[in-house]
>>> print(open('input-v1.txt').read())   # compact mmCIF, C-alpha atoms
# COMPACT_ATOMS: atom_id res chain seq x y z
CA MET A 198 96.83 -77.57 -169.64
CA ARG A 199 99.70 -78.53 -167.37
CA LYS A 200 97.57 -77.94 -164.32
CA LEU A 201 94.85 -80.14 -165.74
CA THR A 202 97.33 -82.93 -166.38
CA THR A 203 98.69 -82.75 -162.84
CA LEU A 204 95.18 -82.75 -161.38
CA LEU A 205 94.20 -85.72 -163.49
CA ALA A 206 97.30 -87.66 -162.34
CA ALA A 207 96.49 -86.97 -158.70
CA VAL A 208 92.90 -88.16 -159.14
CA LEU A 209 94.10 -91.32 -160.84
CA LEU A 210 96.45 -92.04 -157.94
CA LEU A 211 93.62 -91.63 -155.45
CA PHE A 212 91.52 -94.20 -157.21
CA ALA A 213 94.35 -96.54 -158.10
CA PRO A 214 93.46 -100.13 -157.43
CA VAL A 215 94.92 -101.57 -154.26
CA VAL A 216 97.32 -104.34 -154.90
CA ASP A 217 97.61 -106.80 -152.10
CA ALA A 218 101.21 -107.58 -151.19
CA GLN A 219 102.07 -111.20 -151.56
CA LEU A 220 104.51 -113.04 -149.38
CA LEU A 221 106.82 -115.08 -151.47
CA SER A 222 108.61 -117.74 -149.60
CA SER A 223 111.54 -119.79 -150.60
CA THR A 224 112.07 -123.43 -149.88
CA ASN A 225 113.07 -124.36 -146.35
CA ILE A 226 116.76 -124.64 -145.68
CA ALA A 227 118.02 -126.55 -142.68
CA VAL A 228 120.59 -124.63 -140.68
CA THR A 229 122.60 -126.44 -138.07
CA VAL A 230 122.82 -124.59 -134.78
CA THR A 231 125.62 -125.60 -132.47
CA VAL A 232 125.93 -124.48 -128.90
CA SER A 233 129.18 -125.37 -127.14
CA SER A 234 129.54 -125.36 -123.43
CA VAL A 235 132.93 -126.17 -122.01
CA ASN A 236 133.77 -127.49 -118.57
CA THR A 237 134.39 -124.68 -116.12
CA VAL A 238 135.24 -124.38 -112.45
CA THR A 239 135.24 -121.21 -110.36
CA LEU A 240 137.08 -120.76 -107.10
CA SER A 241 136.68 -117.92 -104.63
CA VAL A 242 137.73 -117.16 -101.08
CA SER A 243 136.20 -114.95 -98.45
CA GLY A 244 136.76 -114.12 -94.81
CA GLY A 245 140.10 -114.18 -93.05
CA PRO A 246 142.81 -113.04 -92.78
CA LEU A 247 144.82 -116.18 -92.06
CA THR A 248 146.87 -114.91 -89.15
CA PHE A 249 148.23 -117.20 -86.46
CA ASP A 250 147.14 -116.49 -82.90
CA SER A 251 150.18 -116.73 -80.62
CA THR A 252 148.12 -118.18 -77.79
CA THR A 253 146.42 -120.93 -79.77
CA GLY A 254 148.81 -121.50 -82.67
CA ALA A 255 145.84 -121.43 -85.03
CA THR A 256 144.46 -119.01 -87.58
CA GLY A 257 140.98 -117.71 -88.06
CA ASN A 258 138.72 -119.13 -90.76
CA VAL A 259 138.44 -118.43 -94.46
CA THR A 260 135.84 -119.96 -96.72
CA PHE A 261 136.68 -121.40 -100.11
CA ASN A 262 133.69 -121.63 -102.45
CA THR A 263 133.41 -123.22 -105.84
CA THR A 264 130.88 -123.27 -108.66
CA TYR A 265 131.08 -125.52 -111.67
CA ASN A 266 129.63 -126.50 -115.04
CA LEU A 267 130.73 -130.03 -115.89
CA ASP A 268 129.82 -132.70 -118.43
CA GLY A 269 130.26 -135.77 -116.27
CA THR A 270 133.93 -136.42 -117.13
CA ALA A 271 135.06 -135.27 -113.68
CA SER A 272 134.20 -137.52 -110.77
CA ASN A 273 135.00 -135.06 -108.01
CA ILE A 274 136.15 -131.56 -107.17
CA THR A 275 138.87 -131.30 -104.54
CA LEU A 276 140.56 -128.31 -102.96
CA TYR A 277 144.33 -128.74 -102.71
CA THR A 278 146.42 -126.33 -100.68
CA TRP A 279 150.16 -126.11 -100.37
CA PHE A 280 152.96 -123.76 -99.43
CA SER A 281 155.28 -122.47 -102.12
CA THR A 282 158.40 -123.38 -100.14
CA PRO A 283 157.81 -126.37 -97.85
CA SER A 284 161.07 -125.87 -95.92
CA ALA A 285 160.05 -122.32 -95.11
CA ALA A 286 156.29 -122.28 -95.37
CA LEU A 287 156.16 -119.39 -92.95
CA SER A 288 159.17 -117.25 -92.26
CA THR A 289 160.30 -114.42 -90.09
CA THR A 290 163.61 -112.75 -89.47
CA GLY A 291 165.90 -115.42 -88.09
CA GLY A 292 163.44 -118.28 -88.24
CA GLY A 293 160.75 -120.16 -90.02
CA ILE A 294 158.12 -122.89 -89.89
CA THR A 295 158.17 -125.84 -92.25
CA SER A 296 155.01 -127.00 -93.95
CA SER A 297 155.23 -130.33 -92.10
CA SER A 298 154.70 -128.37 -88.87
CA ILE A 299 151.43 -126.96 -90.14
CA SER A 300 148.13 -128.72 -90.57
CA ALA A 301 144.84 -127.72 -92.15
CA THR A 302 141.39 -128.03 -90.64
CA PHE A 303 138.39 -127.91 -92.93
CA THR A 304 134.67 -128.57 -92.71
CA PRO A 305 132.17 -128.44 -95.57
CA VAL A 306 129.84 -125.46 -95.82
CA ASN A 307 127.02 -127.79 -96.85
CA GLY A 308 126.92 -130.91 -94.72
CA ASN A 309 125.63 -132.98 -97.62
CA PHE A 310 128.79 -132.51 -99.68
CA GLY A 311 132.52 -132.56 -99.16
CA SER A 312 134.69 -133.93 -96.40
CA SER A 313 136.17 -132.82 -93.11
CA GLY A 314 139.75 -133.08 -92.03
CA SER A 315 142.16 -132.01 -89.37
CA GLY A 316 145.56 -132.73 -87.89
CA GLN A 317 147.46 -134.07 -90.89
CA PRO A 318 150.74 -132.21 -91.50
CA CYS A 319 151.13 -130.36 -94.79
CA ASN A 320 153.56 -132.82 -96.36
CA GLN A 321 151.06 -134.70 -98.47
CA SER A 322 150.82 -135.50 -102.17
CA PRO A 323 150.21 -134.23 -104.79
CA ALA A 324 153.03 -131.89 -104.15
CA VAL A 325 153.47 -128.94 -106.44
CA SER A 326 156.80 -127.54 -105.45
CA GLY A 327 160.21 -129.06 -105.79
CA VAL A 328 161.37 -132.51 -106.69
CA THR A 329 160.54 -134.30 -103.47
CA PRO A 330 156.86 -134.94 -102.81
CA GLY A 331 155.53 -133.10 -99.80
CA GLY A 332 154.40 -129.60 -99.12
CA ALA A 333 150.69 -130.02 -99.69
CA CYS A 334 148.09 -130.01 -96.96
CA GLN A 335 145.37 -132.64 -96.76
CA GLY A 336 143.05 -132.33 -99.74
CA ALA A 337 139.51 -131.15 -98.99
CA LEU A 338 136.89 -132.91 -101.04
CA LEU A 339 134.21 -130.44 -102.15
CA ILE A 340 131.93 -132.86 -104.00
CA ASN A 341 132.07 -136.30 -105.58
CA GLN A 342 129.76 -138.40 -107.71
CA SER A 343 128.50 -140.41 -104.79
CA GLN A 344 127.39 -137.33 -102.89
CA ASN A 345 125.92 -135.88 -106.07
CA GLY A 346 123.83 -138.97 -106.66
CA GLY A 347 125.55 -139.69 -109.94
CA ALA A 348 127.77 -138.10 -112.53
CA ILE A 349 128.49 -134.42 -111.97
CA THR A 350 126.90 -133.06 -115.10
CA ASN A 351 124.92 -130.00 -114.17
CA SER A 352 125.88 -126.52 -113.20
CA GLY A 353 126.11 -126.17 -109.50
CA GLY A 354 128.03 -124.88 -106.59
CA GLY A 355 127.42 -121.60 -104.90
CA GLY A 356 126.93 -123.18 -101.53
CA LEU A 357 129.65 -125.69 -102.27
CA GLY A 358 132.68 -124.88 -100.24
CA THR A 359 134.74 -125.48 -97.16
CA THR A 360 135.55 -123.48 -94.05
CA TYR A 361 139.29 -123.63 -93.70
CA SER A 362 141.95 -122.76 -91.14
CA LEU A 363 145.55 -123.64 -90.31
CA SER A 364 147.22 -124.60 -87.09
CA ILE A 365 150.73 -125.40 -85.94
CA VAL A 366 151.21 -129.07 -85.16
CA GLY A 367 151.91 -129.76 -81.51
CA TYR A 368 151.54 -126.13 -80.51
CA SER A 369 150.97 -125.77 -76.81
CA GLY A 370 151.47 -122.08 -76.30
CA LEU A 371 154.52 -119.96 -75.86
CA GLY A 372 155.54 -121.48 -72.56
CA GLY A 373 156.83 -124.88 -71.58
CA GLY A 374 155.28 -127.96 -73.07
CA SER A 375 155.30 -126.67 -76.60
CA THR A 376 156.98 -129.02 -79.02
CA LEU A 377 157.70 -126.18 -81.39
CA HIS A 378 159.51 -123.14 -80.14
CA LEU A 379 158.87 -120.14 -82.27
CA THR A 380 161.23 -117.27 -82.76
CA ALA A 381 159.42 -114.07 -81.89
CA GLY A 382 158.27 -112.14 -84.90
CA SER A 383 155.63 -111.87 -87.59
CA TYR A 384 155.43 -114.99 -89.72
CA THR A 385 154.39 -114.56 -93.33
CA GLY A 386 154.02 -116.92 -96.25
CA THR A 387 151.85 -117.77 -99.25
CA LEU A 388 149.24 -120.50 -99.25
CA ASN A 389 148.30 -121.76 -102.69
CA ALA A 390 144.75 -123.05 -103.06
CA MET A 391 143.67 -124.96 -106.12
CA ALA A 392 140.27 -126.41 -107.03
CA TRP A 393 140.75 -129.47 -109.19
CA ALA A 394 137.90 -131.16 -111.01
CA ALA A 395 139.34 -134.64 -111.60
CA MET B 33 114.59 -95.47 -95.83
CA LYS B 34 115.42 -97.93 -93.09
CA ARG B 35 115.77 -100.66 -95.68
CA ILE B 36 118.24 -98.57 -97.71
CA ILE B 37 120.35 -97.84 -94.65
CA LEU B 38 120.34 -101.52 -93.73
CA MET B 39 121.46 -102.54 -97.22
CA LEU B 40 124.26 -99.97 -97.17
CA ALA B 41 125.40 -101.22 -93.79
CA ILE B 42 125.45 -104.79 -95.01
CA SER B 43 127.44 -103.83 -98.11
CA LEU B 44 130.02 -101.97 -96.03
CA VAL B 45 130.69 -104.77 -93.59
CA GLY B 46 130.22 -107.65 -96.01
CA VAL B 47 133.25 -109.83 -96.66
CA VAL B 48 135.09 -109.49 -99.95
CA ALA B 49 135.10 -112.53 -102.21
CA HIS B 50 137.82 -113.02 -104.81
CA ALA B 51 136.89 -115.36 -107.65
CA GLN B 52 138.13 -116.56 -111.00
CA THR B 53 137.02 -119.14 -113.56
CA VAL B 54 139.03 -121.20 -116.00
CA MET B 55 137.88 -123.08 -119.09
CA PRO B 56 138.36 -125.69 -120.45
CA LEU B 57 139.60 -127.83 -117.61
CA PHE B 58 141.55 -130.21 -119.79
CA ALA B 59 142.49 -131.11 -123.34
CA GLU B 60 143.80 -134.33 -124.86
CA GLY B 61 146.17 -134.80 -127.74
CA LYS B 62 148.75 -137.03 -129.34
CA THR B 63 152.45 -137.36 -128.70
CA GLY B 64 154.90 -137.41 -131.56
CA LYS B 65 156.83 -135.06 -133.74
CA HIS B 66 154.01 -132.53 -134.12
CA TRP B 67 153.20 -129.91 -131.51
CA VAL B 68 149.74 -129.85 -129.99
CA LYS B 69 148.19 -126.37 -130.07
CA GLY B 70 145.46 -125.19 -127.77
CA GLN B 71 144.18 -122.42 -125.57
CA PHE B 72 142.41 -121.82 -122.29
CA THR B 73 140.51 -118.85 -120.93
CA VAL B 74 140.61 -117.24 -117.50
CA GLN B 75 137.66 -115.15 -116.38
CA ASN B 76 137.67 -112.45 -113.72
CA GLN B 77 134.43 -112.69 -111.75
CA THR B 78 135.14 -109.64 -109.65
CA VAL B 79 134.51 -105.94 -110.20
CA SER B 80 138.21 -105.08 -109.85
CA PRO B 81 141.06 -105.64 -112.32
CA MET B 82 142.77 -108.93 -111.63
CA PRO B 83 146.40 -109.75 -112.39
CA VAL B 84 146.81 -113.42 -113.24
CA SER B 85 149.98 -115.45 -113.59
CA VAL B 86 150.28 -118.64 -115.62
CA GLU B 87 152.83 -121.26 -114.70
CA PRO B 88 153.34 -124.47 -116.69
CA ARG B 89 154.10 -127.61 -114.67
CA LEU B 90 154.91 -131.15 -115.69
CA MET B 91 153.35 -133.99 -113.74
CA GLN B 92 155.80 -136.74 -112.85
CA VAL B 93 155.61 -139.65 -110.50
CA VAL B 94 158.37 -139.43 -107.91
CA GLY B 95 158.61 -142.07 -105.23
CA GLY B 96 155.21 -143.36 -106.28
CA LYS B 97 153.57 -139.99 -105.76
CA ALA B 98 152.40 -137.39 -108.25
CA THR B 99 154.60 -134.31 -108.29
CA PHE B 100 154.16 -131.24 -110.42
CA GLN B 101 157.61 -130.26 -111.54
CA THR B 102 158.66 -126.86 -112.71
CA LEU B 103 159.83 -126.47 -116.28
CA ASP B 104 163.04 -124.66 -117.17
CA PHE B 105 162.74 -121.64 -119.40
CA ASN B 106 164.88 -121.73 -122.52
CA GLY B 107 165.52 -118.13 -123.54
CA THR B 108 166.91 -119.12 -126.89
CA ARG B 109 163.86 -121.06 -128.00
CA ASN B 110 161.50 -119.03 -125.81
CA ASP B 111 159.88 -122.13 -124.40
CA PHE B 112 159.70 -124.17 -121.21
CA GLU B 113 161.43 -127.54 -121.16
CA ARG B 114 162.01 -130.62 -119.03
CA GLY B 115 163.39 -133.76 -120.58
CA ASP B 116 161.58 -134.41 -123.83
CA VAL B 117 158.69 -132.13 -122.88
CA GLN B 118 158.50 -128.69 -124.44
CA VAL B 119 155.87 -126.04 -123.78
CA GLU B 120 155.43 -122.77 -125.62
CA LEU B 121 153.40 -120.22 -123.71
CA LYS B 122 153.27 -116.83 -125.37
CA ASP B 123 152.06 -114.96 -122.28
CA THR B 124 152.70 -115.92 -118.68
CA SER B 125 150.78 -113.11 -117.07
CA ALA B 126 148.01 -110.64 -117.80
CA MET B 127 145.79 -108.05 -116.22
CA ILE B 128 142.16 -109.02 -116.67
CA ALA B 129 139.56 -106.28 -116.64
CA PRO B 130 136.59 -106.43 -114.26
CA ARG B 131 134.14 -109.10 -115.43
CA GLY B 132 136.49 -109.72 -118.32
CA SER B 133 138.42 -112.69 -119.63
CA ARG B 134 141.75 -113.49 -121.23
CA THR B 135 142.66 -116.36 -123.52
CA PHE B 136 146.12 -117.87 -123.40
CA ASP B 137 147.55 -119.80 -126.36
CA PHE B 138 149.95 -122.66 -125.88
CA LYS B 139 151.79 -125.40 -127.74
CA VAL B 140 152.94 -128.63 -126.12
CA HIS B 141 155.22 -131.35 -127.41
CA CYS B 142 156.05 -134.68 -125.78
CA ASP B 143 157.79 -137.75 -127.19
CA GLU B 144 156.06 -140.00 -124.63
CA ASP B 145 152.83 -139.83 -122.65
CA CYS B 146 152.81 -136.66 -120.55
CA MET B 147 150.60 -134.36 -118.53
CA VAL B 148 151.21 -130.64 -118.53
CA THR B 149 149.27 -128.39 -116.19
CA PHE B 150 148.91 -124.66 -116.53
CA LEU B 151 148.47 -123.17 -113.07
CA ASN B 152 146.47 -119.96 -113.38
CA GLY B 153 146.74 -118.03 -110.19
CA PHE B 154 146.19 -114.68 -108.60
CA ILE B 155 146.95 -113.22 -105.22
CA THR B 156 143.83 -112.32 -103.28
CA GLY B 157 145.52 -109.59 -101.31
CA ARG B 158 148.74 -108.93 -99.49
CA ASN B 159 148.62 -109.73 -95.79
CA PRO B 160 151.67 -108.20 -94.03
CA GLN B 161 150.82 -109.92 -90.76
CA GLY B 162 149.95 -113.42 -91.87
CA ILE B 163 149.42 -115.75 -94.79
CA THR B 164 148.70 -114.53 -98.28
CA ILE B 165 146.31 -116.72 -100.25
CA LYS B 166 146.87 -117.41 -103.92
CA LEU B 167 143.91 -118.91 -105.74
CA ILE B 168 144.80 -121.29 -108.55
CA LEU B 169 142.69 -122.98 -111.19
CA PRO B 170 144.43 -125.51 -113.41
CA SER B 171 143.98 -126.33 -117.05
CA HIS B 172 145.53 -129.68 -117.95
CA VAL B 173 146.88 -131.02 -121.23
CA TYR B 174 147.18 -134.79 -121.60
CA LEU B 175 149.23 -136.19 -124.49
CA CYS B 176 149.40 -139.89 -125.30
CA ASP B 177 150.39 -142.12 -128.16
CA LYS B 178 146.71 -143.08 -128.24
CA PRO B 179 144.69 -139.94 -127.41
CA LYS B 180 141.46 -141.75 -126.63
CA GLY B 181 141.25 -142.33 -122.89
CA CYS B 182 144.57 -140.57 -122.39
CA ARG B 183 143.47 -138.56 -119.39
CA VAL B 184 142.04 -141.54 -117.53
CA ARG B 185 145.16 -143.66 -118.11
CA ILE B 186 147.59 -140.97 -116.99
CA LYS B 187 145.62 -140.17 -113.87
CA ALA B 188 145.38 -143.85 -112.96
CA ALA B 189 149.10 -144.36 -113.47
CA ALA B 190 149.89 -141.37 -111.27
CA GLY B 191 147.45 -142.34 -108.54
CA LEU B 192 145.51 -139.11 -109.05
CA PRO B 193 141.81 -138.98 -108.15
>>> encode(input="input-v1.txt", output="structure tokens")
Amino acid sequence: MRKLTTLLAAVLLLFAPVVDAQLLSSTNIAVTVTVSSVNTVTLSVSGGPLTFDSTTGATGNVTFNTTYNLDGTASNITLYTWFSTPSAALSTTGGGITSSSISATFTPVNGNFGSSGSGQPCNQSPAVSGVTPGGACQGALLINQSQNGGAITNSGGGGLGTTYSLSIVGYSGLGGGSTLHLTAGSYTGTLNAMAWAA
Amino acid sequence: MKRIILMLAISLVGVVAHAQTVMPLFAEGKTGKHWVKGQFTVQNQTVSPMPVSVEPRLMQVVGGKATFQTLDFNGTRNDFERGDVQVELKDTSAMIAPRGSRTFDFKVHCDEDCMVTFLNGFITGRNPQGITIKLILPSHVYLCDKPKGCRVRIKAAAGLP
């Protein structure tokens, strides 16, 4: 009897009517989606090292590159460089070089953007160290609104940068004629480089 | 095979690029008795750990030129001060993992219009024979009695671009 009941139940399941599933949907609900993107700037450096050549009084090149994602509130991106201690920008045992005796030379990586500069001593403003202004090298413009054809609102950069080097002002070699006599030795110092989207 | 060897050769002699990102670039707030709280984030774009240092500076106009002054650390209150400007910065340095980021919290208080800049910097590599380069990306905080347009007014007054 039990076997018959089980068999009957199995047969009934085989021939059970198919019930189509129904999709029940609720009313639509509006959900606000917010995506925030903040202003960002990236700065990188490659190449070098910045080591002064005793015959030329100049260093080799480094390349500063920047990428950005801006919303149009910044009108330009400028690279500012300065020495931590202007009175002893470079130092060696028994001597030193002030920042005002050093100048920066820079040329844009992409000729359509940025600015070139050379020869100005590193005693410019904005200064970052000390009370008295001075200690910064000439600022290197990387991009401005005019070059960008309008407000700087999109992500960009990559090829936006400047080839940069330093030289000693009035350096004419180690012999006579040089306006700056250097004490023999290895000169070391720290160059600060800041990309400012202003 | 030749292409693989060429790619390896290029990777071995390629120059090393050190890079970091900071966000946001600036914040605006109101002067007064209440402190303005905020934060900024520094990202390490490289595949190596990156130590970063954070230094608060106060922008002042000296001799008609913008100068970023250092702030004195008050060990008792654990904040940085100069005049009526006070800055609380919980962490002044960090080690950021490869491709990672670190957020720094701060509080700033000024009685009058002020501009505080956090200089986020890292050394790209020690150069015993020449100049060491320190890359810096700033994050600025502008506080004014009237926050709207604060940044533009302060920059214009200081002759900043």
>>> interface_residues(input="input-v1.txt", of="chain A", to="chain B", cutoff="6 Å", atoms="all atoms listed in the file", output="VMD selection string")
chain A and resid 235 to 244 247 to 248 323 to 325 330 385 to 392
>>> residues_around(input="input-v1.txt", residues="Ser298 of chain A", least_positions_apart="5", cutoff="7 Å", atoms="only C-alpha atoms", output="PyMOL selection string")
chain A and resi 318+365-366
>>> closest_residue(input="input-v1.txt", among="B:Thr108, B:Ser85, B:Gln118, B:Thr63", to="Val140 of chain B", atoms="only C-alpha atoms")
B:Gln118
>>> closest_residue(input="input-v1.txt", among="B:Val148, B:Leu175, B:Val117, B:Val84", to="Phe136 of chain B", atoms="all atoms listed in the file")
B:Val84
>>> residues_around(input="input-v1.txt", residues="Ala285 of chain A", least_positions_apart="5", cutoff="6 Å", atoms="all atoms listed in the file", output="list in words")
Gly293, Ile294 and Thr295 of chain A
>>> atom_distance(input="input-v1.txt", atom1="atom CA of Ile274 of chain A", atom2="atom CA of Ser313 of chain A")
14.1 Å
>>> closest_residue(input="input-v1.txt", among="A:Ser281, A:Ser222, A:Ser300, A:Thr263", to="Ser315 of chain A", atoms="all atoms listed in the file")
A:Ser300
>>> residues_around(input="input-v1.txt", residues="Ser343 of chain A", least_positions_apart="4", cutoff="12 Å", atoms="all atoms listed in the file", output="NGL selection string")
:A and (272-274 or 309-311 or 338-339 or 347-349)
>>> atom_distance(input="input-v1.txt", atom1="atom CA of Cys182 of chain B", atom2="atom CA of Asn320 of chain A")
28.6 Å
>>> atom_distance(input="input-v1.txt", atom1="atom CA of Ala333 of chain A", atom2="atom CA of Asp268 of chain A")
28.2 Å
>>> residues_around(input="input-v1.txt", residues="Gln335 of chain A", least_positions_apart="6", cutoff="9 Å", atoms="all atoms listed in the file", output="PyMOL selection string")
chain A and resi 276-279+300-302+314-322
